[in-house]
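K.L.:
Supplied structure: upload.txt, compact mmCIF, C-alpha atoms and all ligand atoms.
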# COMPACT_ATOMS: atom_id res chain seq x y z
CA MET B 1 -126.65 61.65 53.61
CA LYS B 2 -126.47 59.83 50.28
CA LEU B 3 -123.59 57.75 51.61
CA LEU B 4 -125.51 56.88 54.76
CA ALA B 5 -128.55 55.85 52.70
CA SER B 6 -126.44 53.53 50.55
CA LEU B 7 -124.81 52.01 53.61
CA LEU B 8 -128.26 51.35 55.13
CA LEU B 9 -129.43 49.82 51.86
CA LEU B 10 -126.40 47.47 51.83
CA ALA B 11 -127.08 46.44 55.43
CA ALA B 12 -130.75 45.86 54.69
CA ALA B 13 -130.12 43.64 51.67
CA PRO B 14 -127.53 41.06 52.70
CA THR B 15 -128.79 38.46 50.18
CA ARG B 16 -127.70 40.66 47.27
CA ALA B 17 -124.09 40.25 48.31
CA GLN B 18 -124.29 36.43 48.23
CA ALA B 19 -122.75 34.59 45.28
CA PRO B 20 -125.27 33.11 42.81
CA ALA B 21 -125.99 29.42 43.38
CA GLU B 22 -123.62 27.13 41.47
CA PRO B 23 -125.21 25.28 38.55
CA VAL B 24 -126.10 21.67 39.29
CA THR B 25 -125.73 18.96 36.64
CA VAL B 26 -126.92 15.38 36.96
CA ILE B 27 -125.50 12.61 34.77
CA HIS B 28 -127.40 9.35 34.32
CA ALA B 29 -124.75 6.76 33.46
CA GLY B 30 -125.78 3.38 32.01
CA THR B 31 -122.30 2.01 32.77
CA LEU B 32 -119.94 3.85 35.08
CA LEU B 33 -116.19 3.18 35.20
CA ASP B 34 -115.84 5.30 38.31
CA GLU B 35 -112.47 3.73 39.11
CA PRO B 36 -110.97 2.26 35.92
CA GLY B 37 -109.34 -1.10 36.56
CA LYS B 38 -112.17 -2.13 38.92
CA ALA B 39 -115.54 -3.61 37.94
CA PRO B 40 -117.93 -1.07 36.40
CA ARG B 41 -121.18 0.02 38.06
CA ARG B 42 -124.53 -0.19 36.24
CA ASN B 43 -127.20 2.53 36.30
CA ALA B 44 -125.68 5.27 38.42
CA THR B 45 -126.21 9.00 38.92
CA ILE B 46 -123.39 11.53 39.21
CA ILE B 47 -124.27 14.87 40.80
CA ILE B 48 -122.05 17.83 39.94
CA ARG B 49 -122.20 21.20 41.67
CA GLY B 50 -120.12 23.90 39.97
CA LYS B 51 -116.72 22.37 39.19
CA THR B 52 -116.95 19.47 41.61
CA ILE B 53 -118.55 16.03 41.83
CA THR B 54 -120.61 16.06 45.03
CA GLU B 55 -122.21 12.61 44.95
CA VAL B 56 -122.38 9.31 43.07
CA ARG B 57 -125.59 7.31 43.66
CA ASP B 58 -126.90 3.94 42.54
CA GLY B 59 -129.90 4.14 40.21
CA PHE B 60 -131.16 7.10 38.20
CA ALA B 61 -131.97 9.96 40.54
CA ASP B 62 -133.34 13.41 39.70
CA VAL B 63 -132.44 16.67 41.38
CA PRO B 64 -135.00 19.50 41.11
CA GLY B 65 -133.70 22.46 39.11
CA ALA B 66 -130.66 20.55 37.82
CA ARG B 67 -129.67 20.03 34.20
CA THR B 68 -129.87 16.30 33.45
CA VAL B 69 -127.53 14.69 30.91
CA ASP B 70 -128.83 11.35 29.71
CA LEU B 71 -125.93 8.93 29.16
CA ARG B 72 -127.94 5.78 29.92
CA ASP B 73 -126.79 4.23 26.63
CA SER B 74 -123.11 5.04 27.25
CA THR B 75 -120.06 4.14 29.30
CA VAL B 76 -119.09 7.07 31.52
CA LEU B 77 -115.51 7.36 32.77
CA PRO B 78 -113.04 9.90 34.19
CA GLY B 79 -111.51 12.44 31.77
CA LEU B 80 -108.40 11.00 30.11
CA ILE B 81 -104.90 12.19 31.03
CA ASP B 82 -101.96 12.28 28.58
CA MET B 83 -98.60 12.48 30.35
CA HIS B 84 -96.60 13.56 27.29
CA VAL B 85 -97.69 16.13 24.72
CA HIS B 86 -96.23 19.20 23.00
CA LEU B 87 -99.06 21.67 22.41
CA ALA B 88 -97.09 24.45 20.70
CA GLY B 89 -96.35 24.39 16.99
CA LEU B 90 -97.55 22.61 13.87
CA ASP B 91 -97.84 18.82 14.14
CA ASP B 92 -97.18 18.34 10.40
CA ARG B 93 -93.40 17.96 10.29
CA PHE B 94 -93.20 18.95 6.61
CA GLN B 95 -95.34 22.10 6.95
CA SER B 96 -93.53 22.95 10.14
CA ARG B 97 -90.23 22.92 8.25
CA LEU B 98 -91.60 24.85 5.26
CA GLN B 99 -93.18 27.54 7.41
CA ALA B 100 -90.48 27.77 10.09
CA ALA B 101 -88.84 30.95 8.80
CA GLY B 102 -92.17 32.80 8.65
CA ARG B 103 -93.73 31.82 11.93
CA ASP B 104 -93.47 33.92 15.06
CA ASN B 105 -94.34 33.13 18.65
CA GLU B 106 -97.81 34.63 18.14
CA ASP B 107 -98.49 32.11 15.35
CA GLU B 108 -97.27 29.28 17.55
CA ALA B 109 -99.51 30.48 20.38
CA PHE B 110 -102.69 30.44 18.28
CA THR B 111 -101.79 27.00 16.96
CA ALA B 112 -101.28 25.83 20.55
CA LEU B 113 -104.70 27.18 21.51
CA LEU B 114 -106.31 25.21 18.68
CA ASN B 115 -104.31 22.09 19.60
CA ALA B 116 -105.51 22.44 23.21
CA ARG B 117 -109.14 22.55 22.09
CA LYS B 118 -108.71 19.49 19.82
CA THR B 119 -107.16 17.64 22.76
CA LEU B 120 -110.03 18.46 25.10
CA LEU B 121 -112.68 17.49 22.53
CA ALA B 122 -110.86 14.15 22.11
CA GLY B 123 -111.61 13.45 25.79
CA PHE B 124 -108.30 14.48 27.35
CA THR B 125 -109.09 16.80 30.26
CA THR B 126 -105.52 16.97 31.60
CA VAL B 127 -102.18 16.90 29.77
CA ARG B 128 -98.56 17.24 30.76
CA ASP B 129 -96.73 19.44 28.26
CA LEU B 130 -93.15 18.15 28.24
CA GLY B 131 -91.33 20.90 26.42
CA GLY B 132 -91.97 23.97 24.36
CA ASP B 133 -91.51 27.71 24.55
CA PRO B 134 -91.98 28.25 28.30
CA ARG B 135 -93.71 31.65 28.12
CA LEU B 136 -96.16 30.42 25.50
CA VAL B 137 -97.19 27.17 27.21
CA LEU B 138 -97.37 28.78 30.64
CA SER B 139 -99.59 31.61 29.32
CA LEU B 140 -101.85 29.04 27.69
CA ARG B 141 -101.93 26.97 30.90
CA ASP B 142 -102.98 30.01 32.93
CA ALA B 143 -105.57 31.31 30.43
CA ILE B 144 -107.26 27.88 30.32
CA ALA B 145 -107.10 27.54 34.11
CA ALA B 146 -108.79 30.96 34.43
CA GLY B 147 -111.63 29.72 32.20
CA GLU B 148 -110.82 32.19 29.42
CA PHE B 149 -110.31 29.49 26.76
CA SER B 150 -111.36 25.87 26.31
CA GLY B 151 -108.63 23.29 26.75
CA PRO B 152 -107.32 20.63 29.07
CA THR B 153 -105.68 21.38 32.40
CA ILE B 154 -101.99 21.78 31.52
CA VAL B 155 -99.08 20.69 33.68
CA SER B 156 -96.03 22.26 32.05
CA ALA B 157 -92.34 21.44 32.08
CA GLY B 158 -91.32 24.72 30.44
CA ARG B 159 -88.37 23.82 28.24
CA MET B 160 -86.60 20.50 28.72
CA VAL B 161 -83.19 20.73 30.40
CA SER B 162 -80.46 19.33 28.17
CA VAL B 163 -76.70 19.30 27.68
CA SER B 164 -75.28 21.44 24.89
CA GLY B 165 -75.79 19.58 21.62
CA GLY B 166 -78.31 17.34 23.40
CA HIS B 167 -81.94 16.73 22.51
CA GLY B 168 -83.18 20.06 23.95
CA ASP B 169 -80.54 22.36 22.45
CA GLN B 170 -82.48 24.67 20.10
CA ARG B 171 -79.27 25.55 18.24
CA ASN B 172 -78.68 22.03 16.92
CA GLY B 173 -78.18 21.81 13.17
CA ARG B 174 -78.79 25.51 12.47
CA ASN B 175 -76.40 27.66 10.47
CA ARG B 176 -74.36 30.13 12.51
CA ASP B 177 -76.65 33.10 11.79
CA LEU B 178 -79.76 31.21 12.93
CA ALA B 179 -77.95 29.60 15.88
CA SER B 180 -76.95 33.06 17.12
CA LEU B 181 -80.62 34.12 17.01
CA VAL B 182 -81.92 31.36 19.31
CA PRO B 183 -83.25 33.64 22.04
CA ASP B 184 -83.44 31.34 25.02
CA HIS B 185 -80.96 28.62 25.74
CA THR B 186 -81.05 28.92 29.50
CA ASN B 187 -82.22 25.28 29.45
CA THR B 188 -78.87 23.86 28.27
CA CYS B 189 -76.25 22.99 30.88
CA ASN B 190 -72.86 21.40 31.23
CA GLY B 191 -71.69 20.03 34.57
CA PRO B 192 -73.75 19.52 37.74
CA ASP B 193 -73.56 23.16 38.94
CA ASP B 194 -74.75 24.44 35.59
CA CYS B 195 -77.55 21.84 35.51
CA ARG B 196 -78.72 23.09 38.92
CA ARG B 197 -78.92 26.57 37.38
CA ALA B 198 -80.86 25.36 34.33
CA THR B 199 -83.35 23.50 36.56
CA ARG B 200 -83.88 26.56 38.74
CA GLU B 201 -84.37 28.74 35.66
CA GLN B 202 -87.22 26.55 34.40
CA ILE B 203 -88.84 26.69 37.85
CA SER B 204 -88.36 30.46 37.91
CA ALA B 205 -90.10 30.66 34.51
CA GLY B 206 -93.08 28.77 35.99
CA ALA B 207 -92.49 25.07 35.25
CA ASP B 208 -94.70 22.66 37.24
CA VAL B 209 -92.50 19.65 36.52
CA ILE B 210 -88.90 19.28 35.35
CA LYS B 211 -88.01 17.35 32.21
CA PHE B 212 -84.47 16.58 31.15
CA ALA B 213 -82.97 14.75 28.19
CA ALA B 214 -80.85 11.83 29.39
CA THR B 215 -80.10 10.58 25.86
CA GLY B 216 -80.19 11.70 22.26
CA GLY B 217 -83.60 12.26 20.69
CA VAL B 218 -85.01 11.30 17.31
CA LEU B 219 -86.16 14.74 16.15
CA SER B 220 -83.21 16.86 17.29
CA ASN B 221 -81.21 17.74 14.22
CA VAL B 222 -77.87 16.40 15.37
CA PRO B 223 -76.24 13.08 14.52
CA GLY B 224 -74.90 10.95 17.39
CA GLY B 225 -77.46 8.28 18.11
CA LEU B 226 -79.76 7.71 21.05
CA LYS B 227 -77.26 6.81 23.79
CA GLN B 228 -76.77 8.49 27.17
CA GLN B 229 -75.54 12.04 26.62
CA MET B 230 -76.15 13.66 29.99
CA MET B 231 -73.71 12.45 32.67
CA ASP B 232 -74.82 10.72 35.89
CA ASP B 233 -73.73 13.63 38.11
CA GLU B 234 -75.69 16.10 35.94
CA MET B 235 -78.89 14.02 36.20
CA ARG B 236 -78.50 13.68 39.96
CA ALA B 237 -78.00 17.45 40.29
CA ILE B 238 -81.24 18.07 38.38
CA VAL B 239 -83.28 15.62 40.46
CA VAL B 240 -81.96 16.92 43.81
CA THR B 241 -82.55 20.54 42.74
CA ALA B 242 -86.09 19.82 41.52
CA ARG B 243 -86.90 18.19 44.87
CA THR B 244 -85.92 21.35 46.76
CA PHE B 245 -88.85 23.04 44.97
CA ASP B 246 -91.17 19.99 45.33
CA ARG B 247 -91.10 19.33 41.60
CA LYS B 248 -91.34 15.88 40.04
CA VAL B 249 -88.87 14.91 37.29
CA ALA B 250 -89.46 13.27 33.91
CA ALA B 251 -86.52 11.96 31.87
CA HIS B 252 -86.53 11.67 28.10
CA ALA B 253 -84.51 8.47 27.52
CA HIS B 254 -84.09 6.07 24.58
CA GLY B 255 -80.74 4.25 24.96
CA VAL B 256 -80.62 1.65 27.74
CA ASP B 257 -77.56 3.24 29.40
CA GLY B 258 -79.48 6.55 29.69
CA VAL B 259 -82.73 4.89 30.82
CA ASN B 260 -80.92 3.05 33.62
CA ALA B 261 -78.84 6.09 34.64
CA ALA B 262 -81.98 8.26 34.88
CA LEU B 263 -83.73 5.63 37.00
CA ARG B 264 -80.69 5.46 39.30
CA ALA B 265 -80.75 9.29 39.55
CA GLY B 266 -84.28 8.97 41.01
CA VAL B 267 -86.62 10.31 38.31
CA ASP B 268 -90.40 9.89 38.63
CA SER B 269 -90.93 8.80 35.03
CA ILE B 270 -89.04 7.57 31.99
CA GLU B 271 -90.40 8.99 28.73
CA HIS B 272 -90.09 6.68 25.68
CA GLY B 273 -87.84 4.07 27.38
CA THR B 274 -87.13 2.60 23.96
CA PHE B 275 -84.26 0.24 24.82
CA THR B 276 -84.24 -1.89 27.96
CA ASN B 277 -82.39 -4.77 29.64
CA ALA B 278 -82.92 -6.90 32.76
CA GLU B 279 -81.39 -4.16 34.92
CA THR B 280 -84.00 -1.66 33.64
CA PHE B 281 -86.92 -3.67 34.99
CA LYS B 282 -85.19 -4.20 38.35
CA LEU B 283 -84.69 -0.42 38.56
CA TYR B 284 -88.32 0.35 37.63
CA ARG B 285 -89.43 -1.93 40.45
CA SER B 286 -86.94 -0.76 43.08
CA THR B 287 -87.47 2.98 42.43
CA GLY B 288 -91.24 2.87 41.79
CA ALA B 289 -90.78 5.09 38.72
CA TYR B 290 -93.43 5.11 36.01
CA TYR B 291 -92.77 4.21 32.38
CA VAL B 292 -94.49 6.51 29.83
CA PRO B 293 -94.29 4.52 26.58
CA THR B 294 -95.32 7.03 23.81
CA LEU B 295 -95.80 4.23 21.23
CA LEU B 296 -97.42 6.61 18.71
CA ALA B 297 -94.22 8.65 18.34
CA PRO B 298 -91.73 6.22 16.76
CA ALA B 299 -94.29 5.13 14.16
CA ALA B 300 -95.07 8.77 13.27
CA ALA B 301 -91.38 9.70 13.09
CA LEU B 302 -90.57 6.75 10.83
CA ALA B 303 -93.46 7.62 8.48
CA ASP B 304 -92.19 11.22 8.34
CA GLY B 305 -88.72 9.96 7.44
CA GLN B 306 -90.11 7.75 4.69
CA ARG B 307 -91.95 10.70 3.09
CA GLY B 308 -88.84 12.89 3.18
CA ALA B 309 -89.89 15.16 6.03
CA LEU B 310 -86.83 14.47 8.23
CA THR B 311 -83.18 15.49 7.92
CA PRO B 312 -80.62 12.68 7.43
CA ALA B 313 -79.61 12.91 11.13
CA GLN B 314 -83.24 12.59 12.25
CA TYR B 315 -84.12 9.79 9.86
CA GLU B 316 -81.16 7.69 10.96
CA LYS B 317 -82.35 7.90 14.58
CA ALA B 318 -85.99 7.23 13.63
CA ARG B 319 -84.86 3.97 11.99
CA LEU B 320 -82.76 3.08 15.03
CA ALA B 321 -85.75 3.51 17.39
CA ALA B 322 -88.44 1.91 15.20
CA GLY B 323 -89.83 -1.35 16.54
CA ASN B 324 -87.86 -1.28 19.78
CA ALA B 325 -90.42 0.75 21.73
CA GLU B 326 -93.09 -1.91 21.18
CA LYS B 327 -90.68 -4.70 22.20
CA SER B 328 -89.78 -2.89 25.44
CA PHE B 329 -93.43 -2.18 26.14
CA ALA B 330 -94.42 -5.84 25.75
CA GLU B 331 -91.63 -6.85 28.14
CA ALA B 332 -92.67 -4.14 30.65
CA ILE B 333 -96.18 -5.66 30.73
CA ARG B 334 -94.71 -9.09 31.49
CA GLN B 335 -92.47 -7.52 34.17
CA ASN B 336 -95.37 -5.67 35.83
CA VAL B 337 -93.84 -2.18 35.50
CA LYS B 338 -95.99 0.84 36.51
CA ILE B 339 -97.19 2.43 33.27
CA ALA B 340 -98.71 5.89 32.75
CA PHE B 341 -100.35 6.75 29.43
CA GLY B 342 -98.41 9.17 27.20
CA THR B 343 -98.27 9.80 23.46
CA ASP B 344 -95.70 12.51 22.61
CA THR B 345 -98.51 14.09 20.55
CA GLY B 346 -97.06 16.90 18.48
CA VAL B 347 -94.87 14.24 16.89
CA SER B 348 -98.22 12.63 15.87
CA PRO B 349 -101.31 14.80 15.17
CA HIS B 350 -103.18 16.56 17.99
CA GLY B 351 -106.63 15.22 18.90
CA ARG B 352 -105.66 11.65 18.03
CA ASN B 353 -104.03 10.88 21.39
CA ALA B 354 -106.44 7.98 22.04
CA GLU B 355 -104.92 5.98 19.15
CA GLU B 356 -102.19 5.06 21.67
CA PHE B 357 -104.64 2.72 23.44
CA ALA B 358 -104.83 0.32 20.49
CA LEU B 359 -101.01 0.10 20.35
CA MET B 360 -100.87 -0.67 24.08
CA VAL B 361 -103.47 -3.42 23.76
CA LYS B 362 -101.84 -4.84 20.61
CA ASN B 363 -98.61 -5.21 22.59
CA GLY B 364 -100.08 -7.10 25.52
CA MET B 365 -101.87 -4.71 27.88
CA ALA B 366 -105.46 -5.49 28.92
CA PRO B 367 -107.89 -2.75 27.79
CA ALA B 368 -109.01 -2.04 31.37
CA ALA B 369 -105.36 -1.63 32.42
CA ALA B 370 -104.72 0.72 29.49
CA ILE B 371 -107.68 2.90 30.57
CA ARG B 372 -106.40 2.82 34.14
CA SER B 373 -102.98 4.03 32.92
CA ALA B 374 -104.69 7.13 31.44
CA THR B 375 -106.76 7.91 34.54
CA VAL B 376 -105.88 6.49 37.98
CA ASP B 377 -102.18 5.91 37.27
CA ALA B 378 -101.54 9.14 35.34
CA ALA B 379 -103.22 11.11 38.16
CA ASP B 380 -100.90 9.36 40.62
CA LEU B 381 -97.80 10.23 38.58
CA LEU B 382 -98.94 13.88 38.50
CA GLY B 383 -99.43 13.82 42.28
CA LYS B 384 -103.08 14.79 41.63
CA GLY B 385 -104.77 11.57 42.75
CA ALA B 386 -106.85 13.55 45.26
CA SER B 387 -108.56 15.65 42.55
CA ILE B 388 -108.59 13.70 39.24
CA GLY B 389 -108.37 10.15 37.83
CA THR B 390 -111.60 8.70 39.27
CA ILE B 391 -115.26 9.72 39.54
CA ALA B 392 -116.05 10.22 43.23
CA ALA B 393 -117.43 12.85 45.59
CA GLY B 394 -115.00 15.71 46.06
CA LYS B 395 -113.15 15.20 42.78
CA ASP B 396 -113.02 17.65 39.86
CA ALA B 397 -115.92 17.09 37.46
CA ASP B 398 -113.73 15.90 34.56
CA ILE B 399 -115.94 13.27 32.92
CA ILE B 400 -116.24 11.69 29.44
CA ALA B 401 -118.47 9.09 27.81
CA VAL B 402 -118.41 6.74 24.83
CA ARG B 403 -121.01 4.46 23.26
CA GLY B 404 -120.31 0.77 23.86
CA ASP B 405 -117.80 -0.93 26.12
CA PRO B 406 -114.23 0.46 25.91
CA THR B 407 -112.95 -2.36 28.16
CA ALA B 408 -113.86 -4.72 25.30
CA ASP B 409 -112.73 -2.40 22.46
CA VAL B 410 -110.35 0.42 23.40
CA ARG B 411 -110.69 1.94 19.93
CA LEU B 412 -114.09 3.28 21.06
CA LEU B 413 -112.07 5.88 23.00
CA GLU B 414 -111.01 7.36 19.63
CA HIS B 415 -114.61 8.64 19.32
CA VAL B 416 -115.61 10.28 22.58
CA ASP B 417 -119.24 11.51 22.57
CA PHE B 418 -119.33 13.50 25.78
CA VAL B 419 -116.73 15.74 27.44
CA MET B 420 -117.13 17.66 30.68
CA LYS B 421 -114.27 19.57 32.26
CA HIS B 422 -114.63 21.24 35.66
CA GLY B 423 -118.40 20.86 35.38
CA ARG B 424 -118.68 22.51 31.96
CA VAL B 425 -120.02 20.46 29.03
CA HIS B 426 -117.76 20.86 25.98
CA LYS B 427 -119.11 17.99 23.88
CA LEU B 428 -122.51 16.29 23.88
CA GLY B 429 -123.82 13.64 21.49
CA GLY B 430 -120.51 13.86 19.63
CA ALA B 431 -121.00 17.58 18.90
CA ARG B 432 -118.96 20.45 20.26
CA GLN B 433 -120.88 22.64 22.74
CA LEU B 434 -119.94 26.29 22.85
CA THR B 435 -119.27 27.61 26.34
CA ALA B 436 -118.57 31.07 27.70
CA SER B 437 -114.90 30.43 26.94
CA ASP B 438 -115.37 29.77 23.20
ZN ZN M 1 -91.70 14.61 23.66
Produce structure tokens that represent the structure in this file.
Ligand SMILES: [Zn+2]
P.N.:
Amino acid sequence: MKLLASLLLLAAAPTRAQAPAEPVTVIHAGTLLDEPGKAPRRNATIIIRGKTITEVRDGFADVPGARTVDLRDSTVLPGLIDMHVHLAGLDDRFQSRLQAAGRDNEDEAFTALLNARKTLLAGFTTVRDLGGDPRLVLSLRDAIAAGEFSGPTIVSAGRMVSVSGGHGDQRNGRNRDLASLVPDHTNTCNGPDDCRRATREQISAGADVIKFAATGGVLSNVPGGLKQQMMDDEMRAIVVTARTFDRKVAAHAHGVDGVNAALRAGVDSIEHGTFTNAETFKLYRSTGAYYVPTLLAPAAALADGQRGALTPAQYEKARLAAGNAEKSFAEAIRQNVKIAFGTDTGVSPHGRNAEEFALMVKNGMAPAAAIRSATVDAADLLGKGASIGTIAAGKDADIIAVRGDPTADVRLLEHVDFVMKHGRVHKLGGARQLTASD
């Protein structure tokens, strides 16, 4: 009888079972860079329902019952996207070295959580994490995606695939006791078959994108320069294997032989791309690959070396790379290469990703093009152009704002006043806003 009564009650009250209405937010934008790279709009209204932009209108419109955010004195633009960060771990090289023996994965995870929040509050609503402890970064990615913690959307590479002794080998430069304790070196491979295995293992662990090290790297503690260290057949095996799982591929590459070999292997992006020649630019154009310049990294690494925070092997490579990244970048602008914004933050401090813009502009890129590289073009490289990168109906409500005109002065992007991610306001008037996930 009781059961029947409850069933009748349920049938009689269908509205109770309906989901609560999604919150509606209205943004009044004085200047709107809805599609960076194109002319801005003046006086526009963005209507956001739940996590999604539902409409962009000319003029300032009101919606009854909606929360209105007044950004009439600001420039409103899509959330920024950084294609190359490392969220886990301390970003102070010296402290990282001093504390290494005492820190566990749990410590690294809490640091990563804090780094993620700093990144979001700096206006970066999406990042690609190109290498760290896979379990840690993937857990963080999923917890943020579930709305449990505040941070940017994370696209993770797991651990970078590398040859033994290469840039991603965690055993480099350790004594034999410590080397024997490195728990996970499933990411190192030798020979094409083994590199297929290493690629599949990262995908099995949950990687969204595959990263491999084509050449030596500045901060790996092994001497041997920055030349090509992974063989052509190994790179090709990684790219072909990644494609069978619909994964894109990013190649860490400094030396010109490695940059060109990775482009010939068919990667989607070159990370760093420090040394180049005429062949490099032909290959960028013929393959359509993006160049992710990370200009902040060589400067940060050199400064670390100068203050004694690098080993001799690292410092030698930092000196080798210094200055060349900016030269290659300037040439890439002249050669009309596709560029996606990336910083290698983690080498430089978290939350200061936007300092990359000034380096891009200093070396010949127009401010509007630099902003486009961190929105429209980065979204394209991620294969997420349908959901992020512009402000339009149907897109994710990832929106930021700054005072003044960032297409005249890109340094304004170093001080973002407003941050919304998936419809939630995390920063307003330059102040952090606590949400249910804080
Ligand atoms: Zn990196």
K.L.:
In the coordinates of the file, take the point (-107.9, 7.8, 19.5) and a cut-off of 9 Å; then, counting only C-alpha atoms, name each qualifying protein, DNA or RNA residue as a list in words.
P.N.:
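Within 9 Å of (-107.9, 7.8, 19.5), the protein and nucleic acid residues are Ala122, Gly351, Arg352, Asn353, Ala354, Glu355, Glu356, Phe357, Ala358, Val410, Arg411, Leu412, Leu413, Glu414, His415 and Val416 of chain B.
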K.L.:
Would you pick out the contacts of Gly173 (chain B) at 9 Å or less, using all atoms listed in the file, so that residues sharing its chain but fewer than 3 positions from it are not included, and give the list as a VMD selection string?
P.N.:
chain B and resid 170 179 220 to 222
K.L.:
Please, which residues in chain B fall within 7 Å of ligand ZN 1 (chain M) when counting all atoms listed in the file, and what is the closest atom pair and distance in Å to one decimal for each, ordered by chain then residue number, as a tab-separated table?
P.N.:
residue	atom	partner	partner_atom	distance
B:His84	CA	M:ZN1	ZN	6.2
B:Val85	CA	M:ZN1	ZN	6.3
B:His86	CA	M:ZN1	ZN	6.5
B:Leu130	CA	M:ZN1	ZN	6.0
B:Gly131	CA	M:ZN1	ZN	6.9
B:Asp344	CA	M:ZN1	ZN	4.6
K.L.:
State, in Å with one decimal place, the distance from CA of Leu296 (chain B) to CA of Ile391 (chain B).
P.N.:
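Separating CA of Leu296 (chain B) from CA of Ile391 (chain B) is a distance of 27.6 Å.
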K.L.:
If we draw a sphere of 7 Å around (-108.5, 11.2, 35.2), which residues have at least one atom in it when counting only C-alpha atoms? Please report them as a VMD selection string.
P.N.:
chain B and resid 78 to 81 374 to 376 379 388 to 390
K.L.:
Would you write out those residues with C-alpha atoms, as a PDB file, keeping the file's coordinate frame?
P.N.:
ATOM      1  CA  PRO B  78    -113.040   9.900  34.190  1.00  0.00           C
ATOM      2  CA  GLY B  79    -111.510  12.440  31.770  1.00  0.00           C
ATOM      3  CA  LEU B  80    -108.400  11.000  30.110  1.00  0.00           C
ATOM      4  CA  ILE B  81    -104.900  12.190  31.030  1.00  0.00           C
ATOM      5  CA  ALA B 374    -104.690   7.130  31.440  1.00  0.00           C
ATOM      6  CA  THR B 375    -106.760   7.910  34.540  1.00  0.00           C
ATOM      7  CA  VAL B 376    -105.880   6.490  37.980  1.00  0.00           C
ATOM      8  CA  ALA B 379    -103.220  11.110  38.160  1.00  0.00           C
ATOM      9  CA  ILE B 388    -108.590  13.700  39.240  1.00  0.00           C
ATOM     10  CA  GLY B 389    -108.370  10.150  37.830  1.00  0.00           C
ATOM     11  CA  THR B 390    -111.600   8.700  39.270  1.00  0.00           C
TER      12      THR B 390
END
K.L.:
Of the candidates B:Phe149, B:Tyr315, B:Tyr291, B:Phe124, which shows the shortest atom-to-atom distance to Val218 (chain B), using all atoms listed in the file?
P.N.:
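Ranked by minimum distance to Val218 (chain B), first place goes to B:Tyr315.
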K.L.:
Report, in Å to a single decimal, how far apart CA of Glu108 (chain B) and CA of Val163 (chain B) are.
P.N.:
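Atom-to-atom, CA of Val163 (chain B) to CA of Glu108 (chain B), that is 25.0 Å.
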K.L.:
If we count only C-alpha atoms and set the cut-off at 8 Å, which residues sit around region 23-25 of chain B, ignoring sequence neighbours fewer than 3 positions away in its own chain? Please answer as a list in words.
P.N.:
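With the cut-off at 8 Å, the set is Ile47, Ile48, Arg49, Gly50, Gly65, Ala66, Arg67, Thr68, Val69 and Gly423 of chain B.
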K.L.:
Considering only C-alpha atoms, state which residue in the set B:Ala300, B:Arg264, B:Asn363, B:Asp107 is at the smallest distance from Thr345 (chain B).
P.N.:
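That would be B:Ala300, the residue with the smallest distance to Thr345 (chain B).
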K.L.:
For each of B:Leu114, B:Ala237, B:Ala214, B:Val402, take the minimum atom-to-atom distance to Leu90 (chain B), counting all atoms listed in the file, then give the residue where this is smallest.
P.N.:
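The closest residue to Leu90 (chain B) is B:Leu114.
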K.L.:
Can you work out the spacing between CA of Asp417 (chain B) and CA of Ile400 (chain B) in Å, to one decimal?
P.N.:
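We find that CA of Asp417 (chain B) and CA of Ile400 (chain B) lie 7.5 Å from each other.
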K.L.:
Tell me which protein, DNA and RNA residues are within 12 Å of Gly288 (chain B), counting only C-alpha atoms, leaving out same-chain ones fewer than 6 positions away, and put them as a ChimeraX atom specification.
P.N.:
/B:263-264,266-270,280-282,336-339,380-381
K.L.:
Give me the residues within 12 Å of Arg236 (chain B) as a ChimeraX atom specification, counting only C-alpha atoms and dropping any in the same chain fewer than 5 places off.
P.N.:
/B:191-193,195-196,199,212,214,230-231,241-243,249,251,261-267
K.L.:
What's around Ala303 (chain B) at 12 Å? Count only C-alpha atoms, leave out sequence neighbours fewer than 3 positions away in its own chain, and write the answer as an MDAnalysis selection string.
P.N.:
chainID B and resid 92:94 296:300 306:310 314:315 318:319 322 347:348
K.L.:
Between B:His185, B:Arg372, B:His28, B:Arg285, which residue has the minimum interatomic distance to Gly165 (chain B), considering all atoms listed in the file?
P.N.:
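Ranking B:His185, B:Arg372, B:His28, B:Arg285 by distance to Gly165 (chain B), first place goes to B:His185.
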K.L.:
When distances are computed from all atoms listed in the file, which of B:Ser180, B:Gly158, B:Ala112, B:Leu226 shows the smallest separation from Asp129 (chain B)?
P.N.:
B:Gly158
K.L.:
Could you check the closest approach to Ala100 (chain B) for each of B:Ala366, B:Leu178, B:Arg403, B:Glu326 and tell me which residue wins, using only C-alpha atoms?
P.N.:
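That would be B:Leu178, the residue with the smallest distance to Ala100 (chain B).
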K.L.:
Would you compute the box with edges along x, y and z of the file around region 394-410 of chain B, including every atom the file lists for it and 8 Å extra on each side, and give its centre and edge lengths in Å to one decimal, as AutoDock Vina command-line options?
P.N.:
--center_x -115.7 --center_y 6.5 --center_z 34.3 --size_x 26.7 --size_y 38.4 --size_z 39.6
K.L.:
So that each row is one residue of region 303-357 of chain B with an atom at most 9 Å from region 271-277 of chain B, can you give its shortest atom pair and the distance in Å to one decimal, using only C-alpha atoms, rows by chain and rising number, as a Markdown table?
P.N.:
| residue | atom | partner | partner_atom | distance |
| --- | --- | --- | --- | --- |
| B:Ala321 | CA | B:Thr274 | CA | 6.8 |
| B:Ala322 | CA | B:Thr274 | CA | 8.9 |
| B:Gly323 | CA | B:Thr274 | CA | 8.8 |
| B:Asn324 | CA | B:Thr274 | CA | 5.7 |
| B:Ala325 | CA | B:Thr274 | CA | 4.4 |
| B:Glu326 | CA | B:Thr274 | CA | 8.0 |
| B:Lys327 | CA | B:Thr274 | CA | 8.3 |
| B:Ser328 | CA | B:Thr276 | CA | 6.2 |
| B:Phe329 | CA | B:Thr274 | CA | 8.2 |
| B:Glu331 | CA | B:Thr276 | CA | 8.9 |
| B:Gly342 | CA | B:Glu271 | CA | 8.2 |
| B:Asp344 | CA | B:His272 | CA | 8.7 |
